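Pasting data.txt here (compact mmCIF, C-alpha atoms):
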```txt
# COMPACT_ATOMS: atom_id res chain seq x y z
CA MET A 1 29.22 -46.48 -19.91
CA LYS A 2 31.31 -44.72 -17.27
CA LYS A 3 32.14 -41.56 -19.27
CA PRO A 4 28.55 -40.28 -19.57
CA ALA A 5 28.03 -40.95 -15.88
CA LEU A 6 31.13 -38.95 -15.08
CA ILE A 7 30.03 -36.02 -17.28
CA PHE A 8 26.59 -36.06 -15.73
CA PHE A 9 28.14 -36.04 -12.27
CA CYS A 10 30.31 -33.05 -13.17
CA ILE A 11 27.39 -31.04 -14.58
CA PHE A 12 25.29 -31.79 -11.52
CA PHE A 13 28.07 -30.82 -9.17
CA ILE A 14 28.81 -27.52 -10.93
CA SER A 15 25.09 -26.64 -10.98
CA PHE A 16 24.89 -27.33 -7.28
CA VAL A 17 27.88 -25.16 -6.54
CA GLU A 18 26.46 -22.29 -8.61
CA ALA A 19 23.12 -22.54 -6.83
CA VAL A 20 24.82 -22.35 -3.45
CA ALA A 21 26.91 -19.40 -4.59
CA ALA A 22 23.82 -17.61 -5.91
CA GLN A 23 22.06 -18.03 -2.57
CA ASP A 24 24.96 -16.49 -0.78
CA ILE A 25 24.95 -13.29 -2.82
CA GLN A 26 21.22 -12.73 -2.65
CA SER A 27 20.17 -9.32 -1.41
CA PRO A 28 19.81 -9.19 2.34
CA ILE A 29 16.41 -9.25 4.06
CA PRO A 30 15.12 -5.69 4.20
CA SER A 31 15.48 -4.13 7.60
CA PRO A 32 12.42 -2.76 9.40
CA GLU A 33 13.69 0.73 8.61
CA GLN A 34 13.72 -0.01 4.88
CA GLU A 35 10.22 -1.49 5.12
CA SER A 36 8.87 1.53 6.91
CA THR A 37 10.45 3.82 4.32
CA GLU A 38 8.78 1.80 1.58
CA PHE A 39 5.48 2.07 3.43
CA ILE A 40 5.82 5.84 3.64
CA PHE A 41 6.60 6.13 -0.06
CA ASN A 42 3.72 3.81 -0.97
CA GLN A 43 1.20 5.78 1.01
CA GLN A 44 0.42 8.23 -1.77
CA THR A 45 0.08 5.66 -4.51
CA ASN A 46 -3.75 5.62 -4.67
CA ARG A 47 -4.09 8.73 -6.82
CA PRO A 48 -3.92 7.02 -10.26
CA GLU A 49 -6.46 4.42 -9.12
CA ILE A 50 -8.76 7.15 -7.75
CA GLU A 51 -8.64 9.01 -11.08
CA ARG A 52 -9.39 5.79 -12.99
CA LEU A 53 -12.35 5.02 -10.72
CA LYS A 54 -13.69 8.56 -11.03
CA VAL A 55 -13.84 8.21 -14.81
CA SER A 56 -15.61 4.88 -14.41
CA TYR A 57 -17.96 6.41 -11.80
CA ARG A 58 -19.14 9.15 -14.17
CA GLY A 59 -20.00 6.55 -16.80
CA LEU A 60 -21.84 4.42 -14.21
CA ILE A 61 -23.91 7.39 -12.99
CA GLU A 62 -25.04 8.09 -16.57
CA GLU A 63 -25.88 4.46 -17.08
CA TYR A 64 -27.84 4.42 -13.83
CA ARG A 65 -29.91 7.46 -14.86
CA ALA A 66 -30.92 5.68 -18.06
CA LYS A 67 -31.76 2.44 -16.22
CA GLU A 68 -33.75 4.33 -13.60
CA LYS A 69 -35.87 5.96 -16.32
CA GLN A 70 -36.50 2.59 -17.98
CA TYR A 71 -37.50 1.17 -14.59
CA GLN A 72 -39.98 3.98 -13.94
CA VAL A 73 -41.57 3.63 -17.39
CA ALA A 74 -41.75 -0.17 -17.12
CA LYS A 75 -43.22 0.01 -13.62
CA ILE A 76 -45.99 2.42 -14.72
CA ASP A 77 -46.72 0.27 -17.79
CA PHE A 78 -47.03 -2.81 -15.61
CA GLN A 79 -49.31 -1.04 -13.10
CA GLN A 80 -51.56 0.25 -15.91
CA LEU A 81 -51.57 -2.69 -18.32
CA ASN A 82 -50.91 -5.61 -15.97
CA THR A 83 -50.05 -7.94 -18.83
CA LEU A 84 -47.53 -10.75 -18.84
CA ARG A 85 -45.39 -8.87 -21.27
CA SER A 86 -45.41 -5.67 -19.17
CA LEU A 87 -44.59 -7.79 -16.10
CA GLU A 88 -41.58 -9.28 -17.89
CA GLU A 89 -40.42 -5.80 -18.93
CA ALA A 90 -40.88 -4.47 -15.40
CA LEU A 91 -38.98 -7.39 -13.84
CA LYS A 92 -36.07 -6.89 -16.25
CA ALA A 93 -36.00 -3.09 -15.79
CA THR A 94 -36.16 -3.34 -11.96
CA ARG A 95 -33.35 -5.88 -11.84
CA GLU A 96 -31.14 -3.81 -14.17
CA ALA A 97 -31.79 -0.61 -12.22
CA MET A 98 -30.89 -2.36 -8.95
CA VAL A 99 -27.66 -3.78 -10.40
CA SER A 100 -26.75 -0.39 -11.87
CA ARG A 101 -27.44 1.38 -8.56
CA THR A 102 -25.21 -1.16 -6.78
CA ASP A 103 -22.39 -0.52 -9.26
CA VAL A 104 -22.61 3.22 -8.60
CA LEU A 105 -22.53 2.77 -4.82
CA LEU A 106 -19.74 0.22 -4.99
CA THR A 107 -17.52 2.48 -7.10
CA TYR A 108 -18.29 5.48 -4.92
CA LEU A 109 -17.32 3.64 -1.74
CA GLU A 110 -14.15 2.34 -3.40
CA ILE A 111 -13.15 5.92 -4.28
CA LEU A 112 -13.92 7.08 -0.76
CA LYS A 113 -11.87 4.26 0.76
CA LEU A 114 -8.83 5.20 -1.35
CA GLU A 115 -9.28 8.90 -0.58
CA LEU A 116 -9.36 8.09 3.13
CA GLN A 117 -6.25 5.94 2.87
CA ASP A 118 -4.42 8.87 1.27
CA SER A 119 -5.77 11.38 3.78
CA GLU A 120 -3.02 12.93 5.90
CA GLY A 121 -4.88 14.97 8.47
CA VAL A 122 -7.26 12.34 9.83
CA GLU A 123 -6.77 10.72 13.22
CA ILE A 124 -5.57 7.15 12.57
CA GLN A 125 -8.15 5.38 14.76
CA LYS A 126 -11.10 7.21 13.17
CA LYS A 127 -9.64 6.65 9.75
CA ASN A 128 -9.28 2.90 10.32
CA ASP A 129 -12.82 2.62 11.72
CA ALA A 130 -14.23 4.46 8.72
CA ILE A 131 -12.26 2.30 6.27
CA THR A 132 -13.44 -0.89 8.00
CA ALA A 133 -17.08 0.26 7.83
CA ILE A 134 -16.72 1.09 4.13
CA GLU A 135 -15.12 -2.29 3.41
CA GLN A 136 -18.02 -4.07 5.15
CA GLN A 137 -20.55 -2.22 2.99
CA ILE A 138 -18.53 -2.92 -0.15
CA GLU A 139 -18.67 -6.60 0.74
CA TYR A 140 -22.44 -6.43 1.31
CA LEU A 141 -23.03 -4.59 -1.99
CA ARG A 142 -21.09 -7.26 -3.87
CA THR A 143 -23.28 -9.95 -2.32
CA PHE A 144 -26.43 -7.99 -3.12
CA ARG A 145 -25.31 -7.55 -6.72
CA GLU A 146 -24.99 -11.30 -7.11
CA MET A 147 -28.45 -11.78 -5.60
CA ALA A 148 -29.95 -9.22 -7.98
CA LEU A 149 -28.28 -10.78 -11.02
CA SER A 150 -29.63 -14.22 -10.15
CA ALA A 151 -33.19 -13.03 -9.34
CA GLN A 152 -35.50 -14.04 -12.18
CA ASP A 153 -39.15 -14.31 -11.14
CA ARG A 154 -41.57 -11.86 -9.55
CA ASP A 155 -41.12 -13.13 -5.97
CA GLN A 156 -37.35 -13.00 -6.16
CA ILE A 157 -37.33 -9.45 -7.55
CA ASN A 158 -39.87 -8.33 -4.95
CA ALA A 159 -37.72 -9.84 -2.18
CA LEU A 160 -34.71 -7.74 -3.21
CA ALA A 161 -36.21 -4.39 -2.18
CA PRO A 162 -36.76 -5.12 1.55
CA GLU A 163 -33.42 -6.92 1.68
CA PHE A 164 -31.64 -3.79 0.42
CA ILE A 165 -33.67 -1.35 2.51
CA GLU A 166 -32.43 -3.09 5.66
CA HIS A 167 -28.87 -2.07 4.73
CA VAL A 168 -29.51 1.41 3.36
CA ASP A 169 -28.68 3.15 6.64
CA ALA A 170 -25.38 1.31 7.04
CA VAL A 171 -24.36 2.04 3.43
CA GLU A 172 -25.21 5.73 3.75
CA GLN A 173 -23.60 6.01 7.17
CA SER A 174 -20.29 4.60 5.99
CA GLY A 175 -20.34 6.86 2.94
CA TYR A 176 -21.24 10.10 4.69
CA TYR A 177 -18.84 9.46 7.56
CA GLY A 178 -15.97 8.73 5.20
CA LEU A 179 -16.81 11.84 3.20
CA SER A 180 -16.84 14.01 6.34
CA LEU A 181 -13.48 12.68 7.50
CA VAL A 182 -11.86 13.24 4.10
CA GLN A 183 -13.06 16.85 4.02
CA ILE A 184 -11.92 17.57 7.59
CA GLY A 185 -8.62 15.77 6.94
CA ARG A 186 -7.79 17.88 3.90
CA LEU A 187 -8.21 21.12 5.80
CA GLN A 188 -6.34 19.70 8.80
CA ALA A 189 -3.39 18.83 6.55
CA VAL A 190 -3.28 22.42 5.20
CA HIS A 191 -3.43 23.76 8.77
CA ASP A 192 -0.56 21.53 9.90
CA LYS A 193 1.62 22.69 6.99
CA ALA A 194 0.78 26.32 7.70
CA ARG A 195 1.93 25.80 11.30
CA ILE A 196 5.29 24.43 10.09
CA ILE A 197 5.79 27.39 7.75
CA GLU A 198 4.94 29.78 10.57
CA THR A 199 7.62 28.19 12.78
CA ASP A 200 10.13 28.41 9.94
CA ILE A 201 9.35 32.09 9.41
CA GLU A 202 9.92 32.66 13.11
CA GLN A 203 13.32 30.94 12.83
CA LEU A 204 14.17 32.99 9.74
CA PHE A 205 13.33 36.20 11.61
CA ALA A 206 15.56 35.12 14.49
CA THR A 207 18.57 34.98 12.14
CA GLU A 208 17.96 38.42 10.63
CA GLU A 209 18.78 41.73 12.19
CA VAL A 210 16.26 44.48 11.49
CA ALA A 211 15.38 47.87 12.86
CA PRO A 212 13.51 47.87 16.20
CA LEU A 213 10.35 49.19 14.55
CA ALA A 214 10.30 46.37 11.97
CA GLN A 215 11.12 43.89 14.72
CA ALA A 216 8.07 45.01 16.71
CA GLN A 217 5.92 44.75 13.58
CA ARG A 218 7.15 41.22 12.97
CA GLU A 219 6.40 40.18 16.54
CA ARG A 220 2.86 41.55 16.37
CA GLY A 221 2.34 39.91 13.01
CA LEU A 222 3.53 36.55 14.33
CA THR A 223 1.26 36.79 17.34
CA GLN A 224 -1.73 37.57 15.13
CA THR A 225 -0.94 34.67 12.78
CA THR A 226 -0.49 32.24 15.68
CA GLU A 227 -3.87 33.24 17.09
CA SER A 228 -5.53 32.85 13.70
CA LEU A 229 -4.06 29.38 13.19
CA GLU A 230 -4.96 28.35 16.73
CA GLU A 231 -8.55 29.36 16.06
CA VAL A 232 -8.57 27.11 12.99
CA ASN A 233 -7.06 24.30 15.02
CA VAL A 234 -9.77 24.51 17.69
CA LEU A 235 -12.53 24.48 15.06
CA LEU A 236 -11.05 21.46 13.31
CA ARG A 237 -10.51 19.59 16.57
CA ASP A 238 -14.16 20.12 17.48
CA LYS A 239 -15.26 18.84 14.10
CA ILE A 240 -13.13 15.71 14.46
CA ILE A 241 -14.36 15.05 18.00
CA TYR A 242 -18.05 15.64 17.33
CA THR A 243 -18.33 14.02 13.93
CA SER A 244 -19.65 10.50 14.41
CA ALA A 245 -20.69 7.79 12.03
CA GLU A 246 -24.22 7.66 13.42
CA ASP A 247 -25.23 11.22 12.55
CA ALA A 248 -22.82 11.82 9.69
CA LYS A 249 -25.60 12.05 7.10
CA GLY A 250 -27.76 14.42 9.13
CA SER A 251 -24.89 16.68 10.11
CA LEU A 252 -23.25 16.89 6.69
CA SER A 253 -24.83 20.18 5.68
CA GLY A 254 -23.95 21.69 9.10
CA LEU A 255 -20.43 20.31 8.76
CA LYS A 256 -20.09 21.89 5.31
CA ASN A 257 -21.02 25.29 6.72
CA ASP A 258 -18.51 24.91 9.56
CA LEU A 259 -15.81 23.75 7.18
CA ASN A 260 -16.49 26.76 4.97
CA THR A 261 -15.71 28.93 8.00
CA VAL A 262 -12.52 26.94 8.62
CA TYR A 263 -11.61 27.35 4.95
CA SER A 264 -12.03 31.15 5.14
CA LYS A 265 -9.97 31.37 8.32
CA LEU A 266 -7.23 29.19 6.88
CA SER A 267 -7.16 31.33 3.79
CA LEU A 268 -6.75 34.40 6.02
CA SER A 269 -3.94 32.73 8.00
CA ILE A 270 -2.04 31.96 4.80
CA ARG A 271 -2.48 35.57 3.72
CA TYR A 272 -0.98 36.64 7.06
CA LEU A 273 1.98 34.34 6.47
CA ASN A 274 2.53 35.93 3.05
CA GLU A 275 2.41 39.37 4.59
CA LEU A 276 4.81 38.37 7.35
CA LEU A 277 7.45 37.49 4.78
CA LYS A 278 7.33 41.03 3.45
CA LEU A 279 7.85 42.71 6.82
CA MET B 280 77.17 -67.72 26.88
CA SER B 281 79.05 -66.55 23.82
CA GLU B 282 82.61 -67.62 23.34
CA ASN B 283 83.69 -64.18 22.22
CA GLN B 284 83.12 -62.08 25.28
CA THR B 285 83.89 -58.81 23.46
CA LEU B 286 80.60 -59.16 21.52
CA PHE B 287 77.24 -58.17 22.94
CA THR B 288 74.46 -60.65 22.88
CA GLU B 289 72.12 -58.53 20.68
CA GLU B 290 74.90 -57.07 18.53
CA LYS B 291 74.07 -56.73 14.87
CA PRO B 292 76.07 -55.37 12.01
CA LEU B 293 75.21 -51.69 11.36
CA ASN B 294 73.12 -50.87 8.16
CA GLN B 295 72.99 -54.48 7.26
CA GLU B 296 69.20 -54.51 6.63
CA ILE B 297 68.97 -51.69 4.08
CA TYR B 298 67.72 -53.84 1.28
CA MET B 299 64.01 -54.38 1.64
CA PRO B 300 62.67 -56.41 -1.19
CA SER B 301 59.10 -56.27 0.08
CA ASP B 302 58.91 -52.42 -0.44
CA VAL B 303 60.08 -52.74 -3.99
CA ASN B 304 57.40 -55.29 -4.52
CA GLN B 305 54.75 -52.89 -3.19
CA ASP B 306 55.86 -50.07 -5.57
CA GLU B 307 55.84 -52.45 -8.39
CA GLY B 308 52.31 -53.47 -7.35
CA LYS B 309 51.15 -49.85 -7.34
CA THR B 310 52.61 -49.15 -10.74
CA THR B 311 51.02 -52.27 -12.06
CA PHE B 312 47.61 -51.30 -10.61
CA LEU B 313 47.74 -47.82 -12.11
CA LYS B 314 48.51 -49.30 -15.47
CA THR B 315 45.36 -51.41 -15.41
CA LYS B 316 42.02 -50.10 -16.80
CA LYS B 317 40.43 -50.14 -13.34
CA GLY B 318 43.30 -48.17 -11.90
CA LYS B 319 43.05 -45.51 -14.59
CA ILE B 320 39.31 -45.06 -13.99
CA THR B 321 39.82 -44.76 -10.23
CA LEU B 322 42.57 -42.21 -10.80
CA ALA B 323 40.33 -40.22 -13.14
CA ILE B 324 37.45 -40.17 -10.63
CA VAL B 325 39.70 -39.12 -7.76
CA GLY B 326 41.33 -36.45 -9.93
CA THR B 327 37.96 -35.10 -11.04
CA PHE B 328 36.71 -35.03 -7.49
CA VAL B 329 39.73 -33.08 -6.28
CA LEU B 330 39.31 -30.68 -9.23
CA LEU B 331 35.65 -30.15 -8.37
CA ILE B 332 36.50 -29.38 -4.77
CA LEU B 333 38.99 -26.80 -5.97
CA VAL B 334 36.36 -25.29 -8.29
CA THR B 335 33.88 -25.20 -5.40
CA VAL B 336 36.32 -23.38 -3.18
CA ALA B 337 37.05 -20.91 -5.97
CA LEU B 338 33.38 -20.22 -6.70
CA LEU B 339 32.14 -19.79 -3.16
CA PRO B 340 32.68 -16.24 -1.98
CA ARG B 341 34.56 -16.24 1.27
CA ASN B 342 32.98 -13.02 2.50
CA PRO B 343 29.74 -12.49 0.61
CA VAL B 344 29.41 -8.79 0.01
CA ALA B 345 25.85 -7.54 0.26
CA PRO B 346 24.82 -5.37 -2.68
CA GLU B 347 25.06 -1.76 -1.83
CA VAL B 348 21.69 -0.37 -0.87
CA GLN B 349 21.21 3.14 -2.09
CA PRO B 350 20.13 5.33 0.76
CA SER B 351 16.52 6.37 0.33
CA PRO B 352 16.05 10.06 -0.20
CA SER B 353 15.39 11.44 3.23
CA PRO B 354 13.23 14.49 3.50
CA THR B 355 15.60 17.39 3.79
CA ALA B 356 14.73 20.45 5.72
CA ALA B 357 13.48 23.22 3.49
CA PRO B 358 15.93 26.11 3.25
CA LEU B 359 15.04 29.02 5.46
CA THR B 360 15.04 31.75 2.84
CA THR B 361 12.32 34.20 1.92
CA SER B 362 11.97 32.92 -1.65
CA ALA B 363 11.73 29.28 -0.49
CA MET B 364 9.04 30.24 2.02
CA GLN B 365 7.11 32.11 -0.66
CA GLN B 366 7.18 29.04 -2.88
CA ARG B 367 5.93 26.87 -0.01
CA LEU B 368 3.11 29.32 0.61
CA ILE B 369 2.12 29.25 -3.09
CA ASP B 370 1.99 25.43 -2.91
CA LEU B 371 -0.04 25.62 0.28
CA GLU B 372 -2.55 27.98 -1.32
CA GLU B 373 -2.98 25.46 -4.14
CA GLU B 374 -3.56 22.68 -1.61
CA LEU B 375 -6.10 24.84 0.20
CA LYS B 376 -8.01 25.36 -3.06
CA ARG B 377 -8.15 21.60 -3.55
CA ALA B 378 -9.47 21.23 0.01
CA ASP B 379 -12.37 23.67 -0.55
CA PRO B 380 -15.36 21.97 1.10
CA ALA B 381 -17.67 23.53 -1.47
CA ASP B 382 -16.36 21.43 -4.35
CA SER B 383 -13.50 19.29 -3.17
CA ILE B 384 -14.92 15.78 -3.41
CA LEU B 385 -17.67 13.79 -5.08
CA PRO B 386 -20.93 14.11 -3.17
CA PHE B 387 -22.74 10.97 -2.07
CA PRO B 388 -24.50 9.58 -5.18
CA ALA B 389 -28.11 10.69 -5.55
CA VAL B 390 -29.57 7.28 -6.32
CA ASP B 391 -32.99 5.88 -5.45
CA MET B 392 -32.37 3.62 -2.49
CA TYR B 393 -35.98 2.41 -2.52
CA LEU B 394 -36.36 0.85 -5.96
CA GLU B 395 -39.15 -1.73 -5.89
CA LEU B 396 -41.53 -3.28 -8.34
CA GLU B 397 -44.47 -3.83 -6.02
CA PRO B 398 -44.90 -2.59 -2.46
CA GLU B 399 -44.20 -5.21 0.19
CA GLU B 400 -47.36 -6.93 1.45
CA ASP B 401 -47.88 -6.75 5.21
```
What is this file in structure tokens?
Amino acid sequence: MKKPALIFFCIFFISFVEAVAAQDIQSPIPSPEQESTEFIFNQQTNRPEIERLKVSYRGLIEEYRAKEKQYQVAKIDFQQLNTLRSLEEALKATREAMVSRTDVLLTYLEILKLELQDSEGVEIQKKNDAITAIEQQIEYLRTFREMALSAQDRDQINALAPEFIEHVDAVEQSGYYGLSLVQIGRLQAVHDKARIIETDIEQLFATEEVAPLAQAQRERGLTQTTESLEEVNVLLRDKIIYTSAEDAKGSLSGLKNDLNTVYSKLSLSIRYLNELLKL
Amino acid sequence: MSENQTLFTEEKPLNQEIYMPSDVNQDEGKTTFLKTKKGKITLAIVGTFVLLILVTVALLPRNPVAPEVQPSPSPTAAPLTTSAMQQRLIDLEEELKRADPADSILPFPAVDMYLELEPEED
């Protein structure tokens, strides 16, 4: 009777000792520096998810077009025939079109949210506000989708339209504002990198000895490039300051025109930088 | 008073009490106890316990060494050479193309926001 007890005691004791030893050699708690490094490396991890969602989005848009056509046909049939059967068809087609539209909007806002998270050139406060607004609309769209799926009779389907219309502005606002910030941010990121390269070229020139004539050419070239980049910077800063969520939809076409100007000027600045390297 | 005044009162013969029969009896008792079944079991338990303590001491690392953490690749400064700058400018041109506002991102979906079966009654 005592031998098994003794063996059991030994096994238990050895297991305990091993567990204690294992705890002692566990990896240390990551330091804040390590965590921040991880955060930096994880910042650009949305790209695969964005690409996956874009593929899904294209399919959803096609599906929506088909559902929208069915809805229009069913609605006209119901208005002309006004039979129970046409009513049933119209109810089904309206519900399916609404669900499909919600899927499109949901996926679009998801893509936009991830694009914004990856955006480098956007002011952090504006970026966070835009992401929060998008998340709120995503949440609403999910709720609306559930409501649409559970709506069965004529009254319930008819109640969905005014319910959604109340939120249309907020959905569009979050989408257009996010879109504007992503577009500005991309150009801002290119501008910031161009500035760094310009500084590096200046440092490179400082280490090289050239003829006075070439030196004067370089100095003039640098001045011209600095002015060109500063002009881009001012334009972008104005866009960031004056772009607001409230009028993002209305000002999108104006913004696109302005950003086209920024794009052309940035392109010119990069050409200057290329030329500078050959002087 | 003692008759022999050359002897001290408390005088005792030196080394006269060497033989201690009681100690011998104790040793004999111990030996006897260890020979019994109970004694053997107690000895085995004590021995095992001592052995386990020794094993514990051997297994526990005195100075636990943290696993070496590989330093994360820190962004190194780009070399200041003409060819390196040219490469950076080529990359930047590519990035600028991707940032073209004309076709850089998906436009807001053109969906009918006002789908309805019957107009709302006032």
inquiry  = If the cut-off is 8 Å, can you tell me the residues of chain B near chain A, counting all atoms listed in the file? I'd like them as JSON, numbers by chain.
reply    = {"B": [324, 331, 335, 338, 339, 340, 343, 344, 345, 346, 351, 359, 360, 361, 364, 365, 367, 368, 371, 372, 374, 375, 378, 379, 380, 381, 383, 384, 386, 387, 388, 390, 391, 392, 393, 394, 395, 396, 397, 399]}
note = re CA of Pro212 in chain A and CA of Gln224 in chain A: distance 18.4 Å
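Take the candidates A:Thr223, A:Val55, A:Gln80, A:Ser174 and check each one against Glu246 in chain A using only C-alpha atoms; the shortest distance goes to A:Ser174.
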note = Between CA of Thr107 in chain A and CA of Asp382 in chain B lies a distance of 19.2 Å
ask   = In Å, with one decimal, what is the gap from CA of Asp247 in chain A to CA of Asp129 in chain A?
value =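 These atoms are spaced 15.1 Å apart.
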Which of B:Ala363, B:Asp370, B:Gly326, B:Leu385 sits closest to Glu51 in chain A [using only C-alpha atoms] = B:Leu385
